[in-house]
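Text of entry.cif (mmCIF, C-alpha atoms and all ligand atoms) as supplied:
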```
data_query
#
loop_
_atom_site.label_atom_id
_atom_site.label_comp_id
_atom_site.auth_asym_id
_atom_site.auth_seq_id
_atom_site.Cartn_x
_atom_site.Cartn_y
_atom_site.Cartn_z
CA MET Q 12 -47.45 -9.58 -15.83
CA VAL Q 13 -44.10 -7.94 -15.29
CA TYR Q 14 -43.64 -4.24 -14.82
CA ASN Q 15 -40.19 -2.93 -15.53
CA ASN Q 16 -39.11 0.04 -13.60
CA CYS Q 17 -38.72 3.37 -15.26
CA LEU Q 18 -38.76 6.68 -13.50
CA PHE Q 19 -39.46 5.62 -9.96
CA ALA Q 20 -39.24 8.84 -8.07
CA LEU Q 21 -40.88 11.63 -9.93
CA LEU Q 22 -38.98 14.73 -10.61
CA LEU Q 23 -40.89 17.89 -9.98
CA ILE Q 24 -39.22 20.98 -11.15
CA PHE Q 25 -41.53 23.83 -10.35
CA ALA Q 26 -39.37 26.31 -12.20
CA SER Q 27 -42.07 28.86 -12.82
CA CYS Q 28 -42.19 30.07 -16.40
CA ALA Q 29 -38.72 28.68 -17.11
CA PRO Q 30 -38.24 27.52 -20.67
CA ALA Q 31 -38.36 23.76 -21.12
CA SER Q 32 -35.04 22.41 -19.95
CA PRO Q 33 -33.13 20.32 -22.43
CA SER Q 34 -32.94 16.75 -21.16
CA ARG Q 35 -31.45 13.67 -22.70
CA SER Q 36 -32.58 10.13 -21.99
CA GLU Q 37 -31.12 6.80 -22.92
CA TYR Q 38 -31.90 3.26 -21.89
CA ALA Q 39 -28.98 1.86 -19.88
CA LEU Q 40 -28.36 0.10 -16.57
CA GLY Q 41 -31.72 -1.63 -16.99
CA THR Q 42 -33.68 1.60 -16.85
CA VAL Q 43 -34.28 4.96 -18.48
CA CYS Q 44 -31.40 7.29 -17.64
CA THR Q 45 -32.20 10.99 -17.90
CA VAL Q 46 -29.77 13.87 -17.53
CA THR Q 47 -30.84 17.52 -17.47
CA LEU Q 48 -28.17 20.19 -17.69
CA PHE Q 49 -29.54 23.61 -16.79
CA GLU Q 50 -26.57 25.44 -18.24
CA GLN Q 51 -24.08 24.76 -21.03
CA SER Q 52 -26.26 21.94 -22.26
CA LYS Q 53 -23.86 21.12 -25.04
CA ASP Q 54 -24.05 17.98 -27.15
CA SER Q 55 -20.46 17.11 -26.31
CA VAL Q 56 -21.12 17.07 -22.54
CA TYR Q 57 -24.20 14.88 -22.95
CA ARG Q 58 -22.23 12.58 -25.25
CA ASP Q 59 -19.47 12.16 -22.65
CA ILE Q 60 -21.95 11.49 -19.86
CA PHE Q 61 -23.88 8.83 -21.76
CA ALA Q 62 -20.67 7.23 -23.02
CA ARG Q 63 -19.57 6.88 -19.39
CA ILE Q 64 -22.94 5.41 -18.36
CA ARG Q 65 -22.74 2.86 -21.17
CA GLU Q 66 -19.16 2.05 -20.18
CA ILE Q 67 -20.29 1.28 -16.62
CA ASP Q 68 -23.22 -0.79 -17.91
CA ASN Q 69 -20.86 -2.73 -20.17
CA LEU Q 70 -18.69 -3.55 -17.15
CA MET Q 71 -21.34 -4.39 -14.58
CA SER Q 72 -24.43 -5.75 -16.34
CA VAL Q 73 -25.24 -9.43 -15.88
CA ASN Q 74 -27.08 -9.27 -19.20
CA ILE Q 75 -23.97 -8.42 -21.22
CA PRO Q 76 -21.85 -11.57 -21.66
CA SER Q 77 -18.56 -9.67 -22.05
CA SER Q 78 -19.05 -7.59 -18.88
CA ASP Q 79 -16.65 -7.93 -15.96
CA VAL Q 80 -19.49 -9.27 -13.82
CA SER Q 81 -20.48 -11.91 -16.41
CA ARG Q 82 -16.85 -12.98 -16.71
CA ILE Q 83 -16.51 -13.24 -12.91
CA ASN Q 84 -19.70 -15.32 -12.78
CA ALA Q 85 -18.60 -17.60 -15.62
CA ALA Q 86 -15.35 -18.32 -13.77
CA ALA Q 87 -17.02 -19.02 -10.40
CA GLY Q 88 -15.28 -21.89 -8.64
CA ILE Q 89 -12.55 -21.91 -11.27
CA ALA Q 90 -10.46 -18.75 -11.29
CA GLY Q 91 -10.24 -15.14 -10.25
CA ILE Q 92 -10.83 -12.53 -12.95
CA ASN Q 93 -8.96 -9.25 -13.27
CA VAL Q 94 -11.49 -6.49 -13.61
CA ASN Q 95 -11.63 -2.80 -14.36
CA LYS Q 96 -11.07 -0.41 -11.45
CA ASP Q 97 -14.71 0.76 -11.63
CA THR Q 98 -15.99 -2.78 -11.23
CA PHE Q 99 -13.61 -3.50 -8.38
CA THR Q 100 -14.62 -0.32 -6.55
CA VAL Q 101 -18.32 -1.19 -6.75
CA ILE Q 102 -17.85 -4.84 -5.72
CA GLU Q 103 -15.66 -3.81 -2.80
CA ARG Q 104 -18.33 -1.37 -1.60
CA ALA Q 105 -21.07 -3.95 -2.12
CA VAL Q 106 -19.13 -6.38 0.07
CA PHE Q 107 -18.84 -3.64 2.72
CA PHE Q 108 -22.64 -3.31 2.78
CA ALA Q 109 -22.95 -7.10 2.96
CA GLU Q 110 -20.64 -7.11 5.95
CA ILE Q 111 -22.43 -4.34 7.88
CA SER Q 112 -25.84 -5.88 7.20
CA GLY Q 113 -24.84 -9.43 8.13
CA GLY Q 114 -25.55 -10.51 4.57
CA ALA Q 115 -29.09 -9.04 4.27
CA PHE Q 116 -27.59 -7.03 1.42
CA ASP Q 117 -25.49 -9.46 -0.59
CA PRO Q 118 -24.06 -8.91 -4.09
CA SER Q 119 -23.79 -12.68 -4.49
CA VAL Q 120 -27.61 -12.82 -4.62
CA GLY Q 121 -27.33 -13.52 -8.39
CA PRO Q 122 -28.55 -17.15 -8.41
CA LEU Q 123 -31.67 -16.15 -6.48
CA VAL Q 124 -32.39 -13.21 -8.80
CA SER Q 125 -32.10 -15.59 -11.78
CA LEU Q 126 -34.32 -18.18 -10.11
CA TRP Q 127 -37.16 -15.69 -9.65
CA GLY Q 128 -36.56 -13.92 -12.94
CA ILE Q 129 -38.21 -10.80 -11.55
CA GLY Q 130 -38.12 -7.97 -14.06
CA GLY Q 131 -37.87 -10.37 -16.98
CA ASP Q 132 -40.58 -12.03 -19.07
CA ASP Q 133 -40.20 -15.42 -17.40
CA ALA Q 134 -40.79 -14.46 -13.78
CA SER Q 135 -42.30 -17.26 -11.74
CA VAL Q 136 -42.60 -18.48 -8.17
CA PRO Q 137 -39.93 -21.13 -7.65
CA SER Q 138 -40.55 -24.33 -5.70
CA GLN Q 139 -39.26 -24.59 -2.14
CA GLU Q 140 -36.87 -27.25 -3.38
CA GLU Q 141 -35.37 -24.85 -5.90
CA ILE Q 142 -35.04 -22.15 -3.26
CA ASP Q 143 -33.38 -24.60 -0.86
CA LYS Q 144 -30.90 -25.57 -3.56
CA THR Q 145 -30.12 -21.94 -4.41
CA LEU Q 146 -29.73 -20.36 -0.96
CA PRO Q 147 -26.41 -22.06 -0.10
CA MET Q 148 -24.86 -20.44 -3.20
CA ILE Q 149 -25.37 -17.00 -1.68
CA ASN Q 150 -22.59 -15.94 0.64
CA TRP Q 151 -20.64 -12.72 0.33
CA GLN Q 152 -17.85 -14.26 2.41
CA ASP Q 153 -17.03 -16.48 -0.55
CA ILE Q 154 -16.21 -13.45 -2.69
CA GLU Q 155 -12.43 -13.16 -2.72
CA LEU Q 156 -11.05 -9.73 -3.57
CA ASP Q 157 -7.44 -8.90 -4.39
CA ALA Q 158 -6.97 -5.14 -4.26
CA GLY Q 159 -3.46 -5.39 -5.72
CA THR Q 160 -4.50 -6.99 -8.98
CA HIS Q 161 -8.19 -5.96 -8.97
CA SER Q 162 -9.08 -9.60 -9.18
CA VAL Q 163 -12.41 -11.06 -8.07
CA PHE Q 164 -12.90 -14.75 -7.38
CA LEU Q 165 -16.17 -16.44 -6.49
CA LYS Q 166 -15.01 -19.43 -4.52
CA ARG Q 167 -17.81 -21.85 -5.39
CA GLU Q 168 -19.19 -22.99 -8.71
CA GLY Q 169 -22.72 -21.74 -9.25
CA MET Q 170 -22.14 -18.48 -7.41
CA ALA Q 171 -23.02 -15.28 -9.25
CA LEU Q 172 -22.75 -11.57 -8.55
CA ASP Q 173 -25.59 -9.13 -9.21
CA LEU Q 174 -24.80 -5.43 -8.77
CA GLY Q 175 -28.36 -4.28 -9.53
CA ALA Q 176 -28.70 -2.71 -6.09
CA ILE Q 177 -25.61 -0.51 -6.29
CA ALA Q 178 -24.33 0.05 -9.86
CA LYS Q 179 -26.86 2.76 -10.77
CA GLY Q 180 -25.72 4.80 -7.79
CA TYR Q 181 -22.10 4.52 -8.87
CA ALA Q 182 -23.02 5.55 -12.41
CA ALA Q 183 -24.94 8.55 -11.04
CA ASP Q 184 -21.88 9.65 -9.02
CA GLU Q 185 -19.69 9.29 -12.09
CA ALA Q 186 -22.12 11.30 -14.23
CA ALA Q 187 -22.21 13.99 -11.53
CA ALA Q 188 -18.40 14.13 -11.50
CA LEU Q 189 -18.30 14.62 -15.29
CA ILE Q 190 -20.86 17.41 -15.04
CA LYS Q 191 -18.88 19.16 -12.32
CA ASN Q 192 -15.64 18.79 -14.26
CA ALA Q 193 -17.30 20.41 -17.27
CA GLY Q 194 -17.91 23.43 -15.06
CA ILE Q 195 -21.67 22.95 -14.97
CA LYS Q 196 -23.17 23.96 -11.66
CA ARG Q 197 -26.86 23.11 -12.02
CA ALA Q 198 -28.10 19.75 -13.22
CA ILE Q 199 -30.39 16.83 -12.39
CA ILE Q 200 -29.63 13.18 -12.98
CA ASP Q 201 -32.39 10.57 -12.82
CA PHE Q 202 -31.43 6.96 -13.39
CA GLY Q 203 -34.70 5.13 -12.82
CA GLY Q 204 -35.23 6.57 -9.37
CA ASN Q 205 -31.60 7.24 -8.48
CA ILE Q 206 -31.71 11.02 -8.47
CA VAL Q 207 -28.82 13.42 -8.08
CA THR Q 208 -29.33 17.17 -7.82
CA LEU Q 209 -26.36 19.42 -8.50
CA GLY Q 210 -26.23 23.01 -7.33
CA GLU Q 211 -29.38 25.01 -6.77
CA LYS Q 212 -32.28 26.19 -8.82
CA LYS Q 213 -31.91 29.47 -10.66
CA ASP Q 214 -34.26 31.27 -8.27
CA LYS Q 215 -32.34 29.84 -5.28
CA THR Q 216 -35.36 27.92 -4.00
CA PRO Q 217 -34.82 24.23 -3.12
CA TRP Q 218 -35.30 21.45 -5.63
CA LYS Q 219 -38.59 19.69 -5.04
CA ILE Q 220 -38.41 15.97 -5.61
CA GLY Q 221 -41.58 13.89 -5.59
CA ILE Q 222 -41.32 10.50 -3.90
CA GLN Q 223 -43.20 7.68 -5.56
CA ASN Q 224 -46.29 6.33 -3.86
CA PRO Q 225 -45.24 2.72 -3.16
CA ASN Q 226 -48.83 1.51 -3.53
CA GLU Q 227 -49.09 2.78 -7.07
CA ARG Q 228 -47.46 1.49 -10.20
CA ARG Q 229 -45.56 4.54 -11.24
CA GLY Q 230 -45.82 8.26 -11.56
CA LEU Q 231 -47.92 9.05 -8.49
CA TYR Q 232 -46.09 10.60 -5.60
CA PHE Q 233 -47.20 10.73 -2.00
CA GLY Q 234 -44.77 13.31 -0.69
CA VAL Q 235 -42.26 15.94 -1.65
CA LEU Q 236 -38.68 16.32 -0.54
CA GLN Q 237 -37.05 19.71 -0.63
CA VAL Q 238 -33.36 19.57 -1.34
CA LYS Q 239 -31.06 22.52 -1.12
CA ASN Q 240 -27.40 22.22 -1.92
CA THR Q 241 -25.52 25.34 -2.71
CA ASP Q 242 -22.32 23.93 -4.08
CA SER Q 243 -22.34 20.20 -3.56
CA LYS Q 244 -24.58 17.40 -4.71
CA GLN Q 245 -27.40 15.52 -3.07
CA THR Q 246 -28.83 12.18 -4.03
CA ILE Q 247 -32.29 10.76 -3.45
CA VAL Q 248 -32.64 7.01 -3.92
CA THR Q 249 -35.71 4.83 -3.32
CA SER Q 250 -36.04 1.08 -3.01
CA GLY Q 251 -39.57 -0.20 -2.93
CA VAL Q 252 -42.04 -2.99 -3.57
CA ASN Q 253 -43.42 -1.45 -6.74
CA GLU Q 254 -40.28 -0.97 -8.76
CA ARG Q 255 -40.10 -4.39 -10.31
CA PHE Q 256 -42.60 -7.08 -9.46
CA PHE Q 257 -45.00 -9.65 -10.78
CA GLU Q 258 -48.28 -10.94 -9.43
CA LYS Q 259 -49.39 -14.55 -9.11
CA ASP Q 260 -52.66 -15.70 -7.52
CA GLY Q 261 -53.18 -12.27 -6.03
CA VAL Q 262 -49.77 -12.14 -4.36
CA ARG Q 263 -47.22 -9.54 -5.32
CA TYR Q 264 -43.62 -10.70 -5.61
CA HIS Q 265 -41.16 -7.82 -5.72
CA HIS Q 266 -37.46 -7.72 -6.51
CA ILE Q 267 -35.63 -7.27 -3.20
CA LEU Q 268 -34.95 -10.79 -2.07
CA SER Q 269 -34.30 -12.10 1.40
CA THR Q 270 -31.00 -13.95 1.53
CA SER Q 271 -32.35 -15.99 4.46
CA THR Q 272 -35.80 -17.08 3.21
CA GLY Q 273 -35.15 -16.84 -0.52
CA TYR Q 274 -38.47 -14.97 -0.95
CA PRO Q 275 -39.08 -11.27 -1.57
CA VAL Q 276 -38.44 -9.40 1.67
CA ARG Q 277 -41.62 -8.94 3.72
CA ASP Q 278 -40.86 -6.90 6.80
CA GLY Q 279 -43.61 -4.30 7.00
CA LEU Q 280 -41.85 -1.81 4.71
CA LEU Q 281 -43.18 -0.58 1.38
CA SER Q 282 -40.27 1.68 0.52
CA VAL Q 283 -37.11 3.26 1.83
CA THR Q 284 -35.79 6.55 0.45
CA ILE Q 285 -32.26 7.71 1.24
CA ILE Q 286 -31.11 11.32 1.02
CA ALA Q 287 -27.31 11.62 1.09
CA ALA Q 288 -24.28 12.96 -0.72
CA ASN Q 289 -22.95 9.76 -2.29
CA SER Q 290 -25.30 7.98 -4.68
CA MET Q 291 -23.51 4.62 -4.67
CA ASP Q 292 -23.81 4.44 -0.89
CA ALA Q 293 -27.40 5.70 -0.98
CA ASP Q 294 -28.32 3.06 -3.57
CA ALA Q 295 -26.77 0.26 -1.52
CA LEU Q 296 -28.20 1.66 1.70
CA SER Q 297 -31.79 1.93 0.42
CA THR Q 298 -31.70 -1.74 -0.53
CA THR Q 299 -29.88 -2.64 2.69
CA LEU Q 300 -32.38 -0.89 4.97
CA PHE Q 301 -35.28 -2.37 3.02
CA ALA Q 302 -33.76 -5.85 3.38
CA LEU Q 303 -33.00 -5.41 7.09
CA GLY Q 304 -36.32 -3.87 8.07
CA TYR Q 305 -36.92 -0.74 10.13
CA GLU Q 306 -35.64 -1.77 13.57
CA GLU Q 307 -32.38 -3.30 12.37
CA GLY Q 308 -32.01 -0.73 9.61
CA VAL Q 309 -32.05 2.37 11.80
CA LYS Q 310 -29.26 0.90 13.90
CA LEU Q 311 -26.94 1.26 10.91
CA LEU Q 312 -27.66 4.93 10.39
CA GLY Q 313 -25.23 6.11 13.07
CA ALA Q 314 -22.42 5.13 10.72
CA PHE Q 315 -23.82 7.33 7.92
CA GLN Q 316 -23.61 10.91 9.13
CA GLY Q 317 -25.60 13.38 7.08
CA THR Q 318 -27.84 10.66 5.69
CA GLU Q 319 -31.62 11.08 5.99
CA VAL Q 320 -34.30 8.47 5.42
CA VAL Q 321 -38.01 8.30 4.60
CA PHE Q 322 -39.53 4.94 5.56
CA VAL Q 323 -42.99 3.98 4.30
CA PHE Q 324 -44.76 1.08 6.02
CA GLU Q 325 -47.46 -1.38 4.96
CA ASP Q 326 -49.92 0.29 7.36
CA ASN Q 327 -49.40 3.55 5.40
CA SER Q 328 -47.44 5.18 8.19
CA VAL Q 329 -44.35 7.18 7.32
CA ARG Q 330 -41.29 7.82 9.43
CA VAL Q 331 -38.79 10.48 8.50
CA THR Q 332 -35.39 11.20 10.09
CA PRO Q 333 -35.20 14.71 11.61
CA GLY Q 334 -32.90 16.29 9.04
CA ALA Q 335 -35.07 15.58 5.98
CA ASP Q 336 -37.29 18.37 4.64
CA PHE Q 337 -40.16 16.12 3.64
CA SER Q 338 -43.91 16.74 3.38
CA VAL Q 339 -46.59 14.10 2.97
CA ILE Q 340 -49.07 15.40 0.40
CA ASP Q 341 -51.30 12.32 0.04
CA GLU Q 342 -53.66 12.01 3.01
CA TRP Q 343 -53.70 8.25 2.74
CA PHE Q 344 -50.28 8.29 4.39
CA VAL Q 345 -49.84 9.24 8.02
CA ARG Q 346 -46.59 10.67 9.31
CA LYS Q 347 -45.45 9.36 12.68
P1 LIG O 401 -33.45 -0.76 -8.30
O1 LIG O 401 -32.15 -1.29 -8.77
O2 LIG O 401 -34.60 -1.28 -9.06
O3 LIG O 401 -33.45 0.74 -8.18
P2 LIG O 401 -32.59 -1.62 -5.70
O4 LIG O 401 -31.46 -0.67 -5.71
O5 LIG O 401 -33.32 -1.75 -4.42
O6 LIG O 401 -33.66 -1.26 -6.80
O7 LIG O 401 -31.98 -3.00 -6.14
C1 LIG O 401 -32.77 -4.14 -6.33
C2 LIG O 401 -31.97 -5.11 -7.17
O8 LIG O 401 -30.86 -5.57 -6.40
C3 LIG O 401 -32.72 -6.35 -7.58
O9 LIG O 401 -33.38 -6.18 -8.80
C4 LIG O 401 -31.61 -7.39 -7.64
O10 LIG O 401 -30.91 -7.28 -8.87
C5 LIG O 401 -30.69 -6.97 -6.52
N1 LIG O 401 -31.02 -7.55 -5.21
C6 LIG O 401 -32.17 -8.18 -4.83
N2 LIG O 401 -32.10 -8.57 -3.54
C7 LIG O 401 -30.88 -8.17 -3.09
C8 LIG O 401 -30.21 -8.29 -1.83
N3 LIG O 401 -30.77 -8.89 -0.77
N4 LIG O 401 -28.95 -7.77 -1.75
C9 LIG O 401 -28.36 -7.16 -2.80
N5 LIG O 401 -28.95 -7.03 -4.00
C10 LIG O 401 -30.18 -7.51 -4.14
MG MG O 402 -30.27 0.04 -4.25
#
```

Structure re-expressed in structure tokens:
Amino acid sequence: MVYNNCLFALLLIFASCAPASPSRSEYALGTVCTVTLFEQSKDSVYRDIFARIREIDNLMSVNIPSSDVSRINAAAGIAGINVNKDTFTVIERAVFFAEISGGAFDPSVGPLVSLWGIGGDDASVPSQEEIDKTLPMINWQDIELDAGTHSVFLKREGMALDLGAIAKGYAADEAAALIKNAGIKRAIIDFGGNIVTLGEKKDKTPWKIGIQNPNERRGLYFGVLQVKNTDSKQTIVTSGVNERFFEKDGVRYHHILSTSTGYPVRDGLLSVTIIAANSMDADALSTTLFALGYEEGVKLLGAFQGTEVVFVFEDNSVRVTPGADFSVIDEWFVRK
């Protein structure tokens, strides 16, 4: 049984007595993308936003044969491919996260993602032999980038990029930029758990964002984050074990894969939520910290000023960095 992710973090807008806010949703980037404009919710603005989201999907999806990423993958070991500036920006940033995490986060994880098929209908546990054959194909250092020509070359045949851990964040930043440029001050973006809040609520109270209970399938939250941003944006991004997974013989196999063992990461974490300004970085960082584990992960945080984190562990304990305004509301979880 495969559960595709949808709205991972729950959005709670306790806008008392406010009229229903007009939202638009479309399926893109492998998830349901929802945008809510709290002012000037004009058709033309929504149209522009969703056109931009589809444009990014068409460049970065591995499921679209004409995408930049598919073309790069098809030419692995053969030739570099000139790509759109958007694609180059995201790959460059993904390689940065690979570098700082020693390859725990690695955009060349594609062959392993395909091998497991997690999130698709044909997910299965591969044999050790298949994993052993696949692991050597994964190495971010074999991604050759040419910033002058925006060309990307995967040095070895069989390599493949997968931007699933970072592209949604980039798309959320781009949607936020369009909203700002349209002069809209208050909005919420939710791309399958990549949330961006713009401006503040009408009554000046903070946005309240529910964080998904990582033990539950979807829609149940265990805590609430309060986010206040007067004139900038904030993003809340979660990576967890329950977003995409399948179960076999009572074992749950989730979608964040260890580039050293080839299996889903098992390091005591159930989920990692990042609160930051930049959604692309937050998206990459949530996956990176999940893949690194708590001890190694927190060491990276010094380089990300203004970034807050909520860690949830397998023993139901929760650790929160000091700057996050977070309350546990489900007694099953214990804050440490
Ligand atoms: P989601 O995209 O579902 O919100 P994440 O941002 O945590 O969740 O990204 C998980 C996705 O990233 C996987 O579905 C896969 O496509 C890709 N991925 C899996 N393992 C890794 C890894 N170690 N490094 C980089 N990307 C990964
Ligand atoms: Mg991510």

Which of these, Q:Leu296, Q:Ala62, Q:Val252, Q:Ile75, has the shortest distance to Q:Ile177 once you count all atoms listed in the file?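 Checking each candidate against Q:Ile177, we get Q:Leu296 as the closest.
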
So, with all atoms listed in the file as the atoms that count, which of Q:Asp97, Q:Glu227, Q:Asp54, Q:Asp260 lies closest to Q:His161?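 The shortest atom-to-atom distance to Q:His161 comes from Q:Asp97.
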
Find, counting all atoms listed in the file, the residue in Q:Asp294, Q:Ile222, Q:Ala178, Q:Tyr274 that gets nearest to Q:Ser138. Q:Tyr274

Using all atoms listed in the file, tabulate the residues of stretch 168-260 of chain Q lying at most 12 Å from any atom of stretch 302-323 of chain Q, each with its closest atom pair and that distance in Å to one decimal, by chain and increasing residue number, as a Markdown table.
```
| residue | atom | partner | partner_atom | distance |
| --- | --- | --- | --- | --- |
| Q:Ala176 | CA | Q:Ala302 | CA | 11.2 |
| Q:Ile222 | CA | Q:Val321 | CA | 9.4 |
| Q:Gln223 | CA | Q:Val323 | CA | 10.5 |
| Q:Asn224 | CA | Q:Val323 | CA | 9.1 |
| Q:Pro225 | CA | Q:Val323 | CA | 7.9 |
| Q:Asn226 | CA | Q:Val323 | CA | 10.1 |
| Q:Phe233 | CA | Q:Val323 | CA | 10.1 |
| Q:Gly234 | CA | Q:Val321 | CA | 9.9 |
| Q:Val235 | CA | Q:Val321 | CA | 10.7 |
| Q:Leu236 | CA | Q:Val321 | CA | 9.5 |
| Q:Val238 | CA | Q:Glu319 | CA | 11.4 |
| Q:Gln245 | CA | Q:Thr318 | CA | 10.0 |
| Q:Thr246 | CA | Q:Thr318 | CA | 9.9 |
| Q:Ile247 | CA | Q:Val320 | CA | 9.4 |
| Q:Val248 | CA | Q:Val320 | CA | 9.6 |
| Q:Thr249 | CA | Q:Val321 | CA | 8.9 |
| Q:Ser250 | CA | Q:Ala302 | CA | 9.7 |
| Q:Gly251 | CA | Q:Val323 | CA | 9.0 |
| Q:Val252 | CA | Q:Val323 | CA | 10.6 |
```

Taking only C-alpha atoms and all ligand atoms into account, which residues are within 7 Å of ligand LIG 401 (chain O), as a PyMOL selection string? chain Q and resi 16+115-118+120+124+173-177+179+203-205+249-251+254-255+266-270+294-295+297-299+302

What's the 9 Å shell around Q:Glu211, counting all atoms listed in the file, without same-chain residues fewer than 4 positions away, as a list in words?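 So the residues in contact are Lys196, Arg197, Ala198, Lys215, Thr216, Pro217, Trp218, Val238, Lys239, Asn240, Thr241 and Asp242 of chain Q.
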
One decimal place gives the atom CA of Q:Phe344-atom CA of Q:Asp278 separation as 18.0 Å

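With all atoms listed in the file as the atoms that count, the minimum distance from ligand MG 402 (chain O) to the choices Q:Gly131, Q:Ile206, Q:Ser78, Q:Ser52 is reached by Q:Ile206.
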
At what distance in Å, to one decimal, does atom CA of Q:Gly130 lie from atom CA of Q:Thr45?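 Computing it gives 20.2 Å between the two atoms.
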
Within 8 Å of (-22.2, 24.2, -20.9) (file coordinates; only C-alpha atoms), which protein or nucleic acid residues are there? I'd like them as a PyMOL selection string. chain Q and resi 48+50-53+56+193-195

Minimum-distance residue to ligand MG 402 (chain O), chosen among Q:Leu70, Q:Ala105, Q:Val339, Q:Leu189 (using all atoms listed in the file): Q:Ala105

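Atom CA of Q:Leu281 is found 27.8 Å from atom CA of Q:Ser36.
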
Using all atoms listed in the file, which residue out of Q:Ile142, Q:Leu165, Q:Leu300, Q:Ile340 lies closest to ligand MG 402 (chain O)?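 Closest to ligand MG 402 (chain O), using all atoms listed in the file: Q:Leu300.
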
Find the spatial neighbours of stretch 83-85 of chain Q, counting all atoms listed in the file, within a cut-off of 8 Å - ignore same-chain residues fewer than 6 positions away - and output them as a PDB file with C-alpha atoms, keeping the file's coordinate frame.
```pdb
ATOM      1  CA  GLY Q  91     -10.240 -15.140 -10.250  1.00  0.00           C
ATOM      2  CA  ILE Q  92     -10.830 -12.530 -12.950  1.00  0.00           C
ATOM      3  CA  VAL Q 163     -12.410 -11.060  -8.070  1.00  0.00           C
ATOM      4  CA  PHE Q 164     -12.900 -14.750  -7.380  1.00  0.00           C
ATOM      5  CA  LEU Q 165     -16.170 -16.440  -6.490  1.00  0.00           C
ATOM      6  CA  GLY Q 169     -22.720 -21.740  -9.250  1.00  0.00           C
ATOM      7  CA  MET Q 170     -22.140 -18.480  -7.410  1.00  0.00           C
ATOM      8  CA  ALA Q 171     -23.020 -15.280  -9.250  1.00  0.00           C
ATOM      9  CA  LEU Q 172     -22.750 -11.570  -8.550  1.00  0.00           C
TER      10      LEU Q 172
END
```

As an MDAnalysis selection string, please: the residues near Q:Asp326 (cut-off 10 Å, only C-alpha atoms, same-chain neighbours under 2 positions excluded). chainID Q and resid 279:281 323:324 328:329 343:345

Could you save the residues just selected, with C-alpha atoms, as a CSV table (one decimal), in the coordinates of the input?
```csv
chain,number,residue,atom,x,y,z
Q,279,GLY,CA,-43.6,-4.3,7.0
Q,280,LEU,CA,-41.8,-1.8,4.7
Q,281,LEU,CA,-43.2,-0.6,1.4
Q,323,VAL,CA,-43.0,4.0,4.3
Q,324,PHE,CA,-44.8,1.1,6.0
Q,328,SER,CA,-47.4,5.2,8.2
Q,329,VAL,CA,-44.4,7.2,7.3
Q,343,TRP,CA,-53.7,8.2,2.7
Q,344,PHE,CA,-50.3,8.3,4.4
Q,345,VAL,CA,-49.8,9.2,8.0
```

N, CA and C atoms are what I want for stretch 274-285 of chain Q; can you complete it accordingly and write them as a PDB file, in the frame of the given file?
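The resulting file, selection_27.pdb, is reproduced below:
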```pdb
ATOM      1  N   TYR Q 274     -37.269 -15.624  -0.418  1.00  0.00           N
ATOM      2  CA  TYR Q 274     -38.470 -14.970  -0.950  1.00  0.00           C
ATOM      3  C   TYR Q 274     -38.287 -13.446  -0.944  1.00  0.00           C
ATOM      4  N   PRO Q 275     -39.122 -12.738  -1.685  1.00  0.00           N
ATOM      5  CA  PRO Q 275     -39.080 -11.270  -1.570  1.00  0.00           C
ATOM      6  C   PRO Q 275     -39.222 -10.850  -0.108  1.00  0.00           C
ATOM      7  N   VAL Q 276     -38.438  -9.866   0.283  1.00  0.00           N
ATOM      8  CA  VAL Q 276     -38.440  -9.400   1.670  1.00  0.00           C
ATOM      9  C   VAL Q 276     -39.837  -8.921   2.062  1.00  0.00           C
ATOM     10  N   ARG Q 277     -40.325  -9.394   3.203  1.00  0.00           N
ATOM     11  CA  ARG Q 277     -41.620  -8.940   3.720  1.00  0.00           C
ATOM     12  C   ARG Q 277     -41.390  -8.583   5.180  1.00  0.00           C
ATOM     13  N   ASP Q 278     -41.190  -7.301   5.427  1.00  0.00           N
ATOM     14  CA  ASP Q 278     -40.860  -6.900   6.800  1.00  0.00           C
ATOM     15  C   ASP Q 278     -41.638  -5.658   7.235  1.00  0.00           C
ATOM     16  N   GLY Q 279     -42.776  -5.426   6.592  1.00  0.00           N
ATOM     17  CA  GLY Q 279     -43.610  -4.300   7.000  1.00  0.00           C
ATOM     18  C   GLY Q 279     -43.291  -3.021   6.260  1.00  0.00           C
ATOM     19  N   LEU Q 280     -42.212  -3.010   5.463  1.00  0.00           N
ATOM     20  CA  LEU Q 280     -41.850  -1.810   4.710  1.00  0.00           C
ATOM     21  C   LEU Q 280     -42.397  -1.865   3.290  1.00  0.00           C
ATOM     22  N   LEU Q 281     -42.808  -0.693   2.790  1.00  0.00           N
ATOM     23  CA  LEU Q 281     -43.180  -0.580   1.380  1.00  0.00           C
ATOM     24  C   LEU Q 281     -42.072   0.087   0.580  1.00  0.00           C
ATOM     25  N   SER Q 282     -41.405   1.051   1.208  1.00  0.00           N
ATOM     26  CA  SER Q 282     -40.270   1.680   0.520  1.00  0.00           C
ATOM     27  C   SER Q 282     -39.351   2.382   1.499  1.00  0.00           C
ATOM     28  N   VAL Q 283     -38.124   2.546   1.058  1.00  0.00           N
ATOM     29  CA  VAL Q 283     -37.110   3.260   1.830  1.00  0.00           C
ATOM     30  C   VAL Q 283     -36.441   4.253   0.879  1.00  0.00           C
ATOM     31  N   THR Q 284     -36.448   5.521   1.261  1.00  0.00           N
ATOM     32  CA  THR Q 284     -35.790   6.550   0.450  1.00  0.00           C
ATOM     33  C   THR Q 284     -34.620   7.122   1.240  1.00  0.00           C
ATOM     34  N   ILE Q 285     -33.470   7.176   0.606  1.00  0.00           N
ATOM     35  CA  ILE Q 285     -32.260   7.710   1.240  1.00  0.00           C
ATOM     36  C   ILE Q 285     -31.937   9.064   0.632  1.00  0.00           C
TER      37      ILE Q 285
END
```
